[in-house]
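To keep things clear, I will list the structure first and then write my remarks on it.
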Amino acid sequence: MSSSSQLSSLPSTGYGHQRVAGAREQTGSGIGVYSRYAVAGGICCSFTHAVLTPIDVVKTRMQLNPLLHRQGIWSGLRQVTVQDGVAALATGFGPTVTGYFLQGACKFGGYEFFKQLTVDAIGHDAASRNRNAVYLTSSAMAEFFGVLLLCPFEAVRIRLVSQPTFARGLADGLGKMALQEGVNGLYSGLGPILLKQIPYTMATFVVYEKAIDLAYQSLDRSKLSTAAHTGINLGSGLLAGVAAALVSQPADTMLSQINKTQAQSGEGTIRRLFNIASTLGIRGSYAGIRARLVMVSGMTAGQFAIYGDIKRMLGVAPGTVDTNH
């Protein structure tokens, strides 16, 4: 079977493309199945983001004040530890875990849902001929809803990193921002986070799919060990993470800047974004890119591996693998 005559479901364990129809036949459909996709996605995203919280702290500080951390990520980690103590590296842990659990549930669960919805709407043959369009559309729609849930928690996380004395943690910070700044304050970064997360997710899924294709072109997957499949899966995730980080970095920097402090009186979100972009320029928008490349590439690889393992544990393993790719 050629690659043009199939449409993969999201490869979760590195075994390559699988038929969407086959996955439905094996696991069924409905809220029960998609809720398990969502749980698996929520766990994998919250876990990987939580583990990388120290790097995220350094990356955010670089974006907020690049002059403080010119020497890179490892110097930044040492500097934060010396100046503020080891505990400072866990700043924003609560908002990170909660926000990315919700976002991951929408991203992975929504991706599976919208992809199947698209296949049902246009037919399997049409979907197979336009695989990239299906991947891009499904991932963009899923990420849009994920961002709506993530945005308030990301606003609190960045405020805690930029102003450590602002609040004691997630509940306190969320309450203070809601009381002092209202919904507009919690969603002031919605534009940048949409510009960051949607291209990020679209690039992640498409590059991952292409990397898996290339990896298996010269290999007999039926003869590879589980460790080999996992290695290919992780390597593809790393490449996807690098691409996603480069595409979404300018918006990520703007997100950090807009959530750094409260808006001035009478200053609208569009004006703030324009002023930030003008001040940053191209070079400034890529502040902290080395730290983010490390964080995103490792995180993406881990997410794909963990997502597949949890799906199997929850009884929603993928369908039949096409071995004649």
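Ligands are numbered from 1 in the order shown, residues from 1 within each chain, and chains are lettered A, B, ... in the order they appear in the structure tokens.
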Can you list, as a VMD selection string, all residues belonging to region 51-220 of chain A that DSSP tags as alpha helix (DSSP H)? chain A and resid 51 53 to 64 73 to 84 93 to 104 110 to 122 124 to 129 131 to 162 170 to 186 190 to 216
Ala50 (chain A) environment, 7 Å, only C-alpha atoms, sequence neighbours closer than 2 positions dropped, as a list in words: Ser46, Phe47, Thr48, Leu52, Thr53, Phe93, Thr96 and Val97 of chain A
Output all heavy atoms for every residue in the selection just made, as a PDB file, in the first residue's frame.
```pdb
ATOM      1  N   SER A  46       1.338  17.606  30.685  1.00  0.00           N
ATOM      2  CA  SER A  46       1.600  18.162  32.011  1.00  0.00           C
ATOM      3  C   SER A  46       2.891  17.614  32.593  1.00  0.00           C
ATOM      4  O   SER A  46       3.670  18.349  33.214  1.00  0.00           O
ATOM      5  CB  SER A  46       0.429  17.879  32.957  1.00  0.00           C
ATOM      6  OG  SER A  46       0.249  16.494  33.156  1.00  0.00           O
ATOM      7  N   PHE A  47       3.157  16.326  32.375  1.00  0.00           N
ATOM      8  CA  PHE A  47       4.376  15.717  32.910  1.00  0.00           C
ATOM      9  C   PHE A  47       5.621  16.317  32.265  1.00  0.00           C
ATOM     10  O   PHE A  47       6.571  16.704  32.962  1.00  0.00           O
ATOM     11  CB  PHE A  47       4.352  14.209  32.693  1.00  0.00           C
ATOM     12  CG  PHE A  47       5.613  13.509  33.129  1.00  0.00           C
ATOM     13  CD1 PHE A  47       5.849  13.254  34.464  1.00  0.00           C
ATOM     14  CD2 PHE A  47       6.572  13.135  32.198  1.00  0.00           C
ATOM     15  CE1 PHE A  47       7.017  12.626  34.875  1.00  0.00           C
ATOM     16  CE2 PHE A  47       7.742  12.512  32.591  1.00  0.00           C
ATOM     17  CZ  PHE A  47       7.965  12.252  33.930  1.00  0.00           C
ATOM     18  N   THR A  48       5.648  16.392  30.933  1.00  0.00           N
ATOM     19  CA  THR A  48       6.847  16.892  30.259  1.00  0.00           C
ATOM     20  C   THR A  48       7.087  18.363  30.545  1.00  0.00           C
ATOM     21  O   THR A  48       8.238  18.790  30.733  1.00  0.00           O
ATOM     22  CB  THR A  48       6.753  16.655  28.744  1.00  0.00           C
ATOM     23  OG1 THR A  48       5.502  17.173  28.249  1.00  0.00           O
ATOM     24  CG2 THR A  48       6.839  15.182  28.410  1.00  0.00           C
ATOM     25  N   LEU A  52      10.354  20.090  32.861  1.00  0.00           N
ATOM     26  CA  LEU A  52      11.196  21.130  32.272  1.00  0.00           C
ATOM     27  C   LEU A  52      10.901  22.524  32.841  1.00  0.00           C
ATOM     28  O   LEU A  52      11.336  23.520  32.271  1.00  0.00           O
ATOM     29  CB  LEU A  52      11.009  21.131  30.756  1.00  0.00           C
ATOM     30  CG  LEU A  52      11.546  19.875  30.057  1.00  0.00           C
ATOM     31  CD1 LEU A  52      11.098  19.845  28.606  1.00  0.00           C
ATOM     32  CD2 LEU A  52      13.059  19.812  30.146  1.00  0.00           C
ATOM     33  N   THR A  53      10.207  22.592  33.959  1.00  0.00           N
ATOM     34  CA  THR A  53       9.907  23.886  34.570  1.00  0.00           C
ATOM     35  C   THR A  53      11.152  24.737  34.819  1.00  0.00           C
ATOM     36  O   THR A  53      11.140  25.946  34.536  1.00  0.00           O
ATOM     37  CB  THR A  53       9.127  23.694  35.889  1.00  0.00           C
ATOM     38  OG1 THR A  53       7.854  23.111  35.600  1.00  0.00           O
ATOM     39  CG2 THR A  53       8.908  25.018  36.596  1.00  0.00           C
ATOM     40  N   PHE A  93       5.252  26.207  38.860  1.00  0.00           N
ATOM     41  CA  PHE A  93       5.011  24.769  38.689  1.00  0.00           C
ATOM     42  C   PHE A  93       3.506  24.455  38.667  1.00  0.00           C
ATOM     43  O   PHE A  93       3.033  23.690  37.817  1.00  0.00           O
ATOM     44  CB  PHE A  93       5.691  23.993  39.822  1.00  0.00           C
ATOM     45  CG  PHE A  93       5.521  22.502  39.730  1.00  0.00           C
ATOM     46  CD1 PHE A  93       6.346  21.749  38.914  1.00  0.00           C
ATOM     47  CD2 PHE A  93       4.534  21.854  40.461  1.00  0.00           C
ATOM     48  CE1 PHE A  93       6.196  20.367  38.819  1.00  0.00           C
ATOM     49  CE2 PHE A  93       4.375  20.478  40.380  1.00  0.00           C
ATOM     50  CZ  PHE A  93       5.202  19.737  39.560  1.00  0.00           C
ATOM     51  N   THR A  96       1.779  25.582  35.494  1.00  0.00           N
ATOM     52  CA  THR A  96       2.291  24.771  34.389  1.00  0.00           C
ATOM     53  C   THR A  96       1.590  23.424  34.319  1.00  0.00           C
ATOM     54  O   THR A  96       1.103  23.005  33.259  1.00  0.00           O
ATOM     55  CB  THR A  96       3.809  24.554  34.539  1.00  0.00           C
ATOM     56  OG1 THR A  96       4.479  25.817  34.421  1.00  0.00           O
ATOM     57  CG2 THR A  96       4.339  23.605  33.480  1.00  0.00           C
ATOM     58  N   VAL A  97       1.547  22.708  35.441  1.00  0.00           N
ATOM     59  CA  VAL A  97       0.945  21.378  35.463  1.00  0.00           C
ATOM     60  C   VAL A  97      -0.543  21.440  35.117  1.00  0.00           C
ATOM     61  O   VAL A  97      -1.043  20.664  34.292  1.00  0.00           O
ATOM     62  CB  VAL A  97       1.146  20.721  36.844  1.00  0.00           C
ATOM     63  CG1 VAL A  97       0.341  19.428  36.942  1.00  0.00           C
ATOM     64  CG2 VAL A  97       2.617  20.432  37.079  1.00  0.00           C
TER      65      VAL A  97
END
```
Considering only C-alpha atoms, return as a ChimeraX atom specification whatever protein or nucleic-acid residues lie within 7 Å of region 72-77 of chain A, sequence-local ones (same chain, fewer than 3 positions apart) excluded. /A:58,69,80-81,291
Quick one, how far is CA of Ala142 (chain A) from CA of Phe114 (chain A)?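 For CA of Ala142 (chain A) relative to CA of Phe114 (chain A), the distance reads 7.2 Å.
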Which residues come within 8 Å of Val296 (chain A), counting only C-alpha atoms, excluding same-chain residues fewer than 4 positions away, as a list in words? Gly241, Val242, Ala244, Ala245, Arg292 and Thr300 of chain A
Nearby residues (only C-alpha atoms) at most 7 Å from region 147-162 of chain A, same-chain spacing under 5 positions excluded, as number ranges by chain: A: 57, 91-92, 95-96, 99-100, 102-103, 167, 173-174, 186-187, 189-190, 194, 256, 259-260
Of the candidates A:Phe205, A:Gln197, A:Gly191, A:Gln83, which one gets nearest to Phe274 (chain A) if we count only C-alpha atoms?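 The answer is A:Gly191, which sits nearest to Phe274 (chain A).
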Exercise: region 288-290 of chain A partners within 6 Å, only C-alpha atoms, chain neighbours under 4 positions left out, as a ChimeraX atom specification: /A:59,62-63
